[in-house]
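Engineer: Before we start, here is the structure in question, set down as structure tokens.
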Amino acid sequence: MGLKSSTIEMLKMHIKLVRNPASSGFYYEGANKDERIDNFWYIYGVIKDLGIEKELVNELKETLDVLLRNQLFALGCLCRKTIHESYSTPFDSTTALPATRDLQKLAVKDVESNISASSSQKSPDAFQDYVLDGVEHYDRLLKLFEKFA
């Protein structure tokens, strides 16, 4: 086994490990970002620098799907009255991943009800910004996912 194939196999393992929760849960209640996203971007940066995206496309797509669905779930926990009601089964593989624009619209809709449902202590503006930051993380993952589709 050559150096390149060994590197590919090692990175396959790392990509698969990113799918596993880093702690007892993949997020804390009220988080706007799955805690595994930063690790994914680090590993993806290494893969991109080595020019081996094509060799790892299946593993990348599978991991991106897991991260996107978990990110959608985290956003749904924050926006129970809008995002969760629209996408209540994010882990069901038949649930289509929503476009970023759709999530952005839901993130700014009925902010007061979402604050109340999530028991957030944030002001409406701060809550909206927090959710939209989470949508940006989703968008970045979705763009890469679509690149590999």
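Labels used: A, B, ... for chains in the order of the structure tokens, numbers from 1 for residues in each chain, and numbers from 1 for ligands as shown.
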For range 31-85 of chain A against range 128-133 of chain A, with a cut-off of 8 Å and counting only C-alpha atoms, what is the closest atom pair and its distance in Å to one decimal for every residue that makes the cut, ordered by chain and number, as a Markdown table?
Structural biologist:
| residue | atom | partner | partner_atom | distance |
| --- | --- | --- | --- | --- |
| A:Asn32 | CA | A:Val131 | CA | 6.1 |
| A:Leu75 | CA | A:Val131 | CA | 6.9 |
| A:Leu78 | CA | A:Val131 | CA | 7.3 |
Engineer: Could you give me, as a PyMOL selection string, the residues within 10 Å of range 56-69 of chain A, counting only C-alpha atoms and dropping anything in the same chain fewer than 5 positions from it?
Structural biologist: chain A and resi 8-9+11-20+26+33-37+40+44+47+74-75+89-93+95-98+137-142+144-149
Engineer: Restricting the calculation to only C-alpha atoms: of A:Gly45, A:Ser6, A:Cys77, A:Met1, which residue gets closest to Ser118 in chain A?
Structural biologist: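 The shortest atom-to-atom distance to Ser118 in chain A comes from A:Cys77.
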Engineer: Determine which residues of chain A DSSP labels as alpha helix (DSSP H) from the backbone of this structure, then write them out as a PyMOL selection string.
Structural biologist: chain A and resi 3-18+37-50+57-78+83-86+100-107+111-118+124-148
Engineer: Given the choices A:Thr94, A:Thr7, A:Ser86, A:Asn39, which gets closest to Phe73 in chain A if the distance is worked out from only C-alpha atoms?
Structural biologist: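 Going through A:Thr94, A:Thr7, A:Ser86, A:Asn39 one by one, the smallest distance to Phe73 in chain A is for A:Ser86.
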Engineer: Go ahead and compute the interatomic distance for CA of Lys143 in chain A and CA of Thr82 in chain A, in Å to one decimal.
Structural biologist: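 Spanning CA of Lys143 in chain A to CA of Thr82 in chain A is a straight-line distance of 22.8 Å.
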Engineer: Using only C-alpha atoms, pick whichever of A:Gln71, A:Cys79, A:Ile43, A:Lys4 has the shortest atom-to-atom distance to Lys105 in chain A.
Structural biologist: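 Answer, going by the shortest atom-to-atom distance: A:Cys79.
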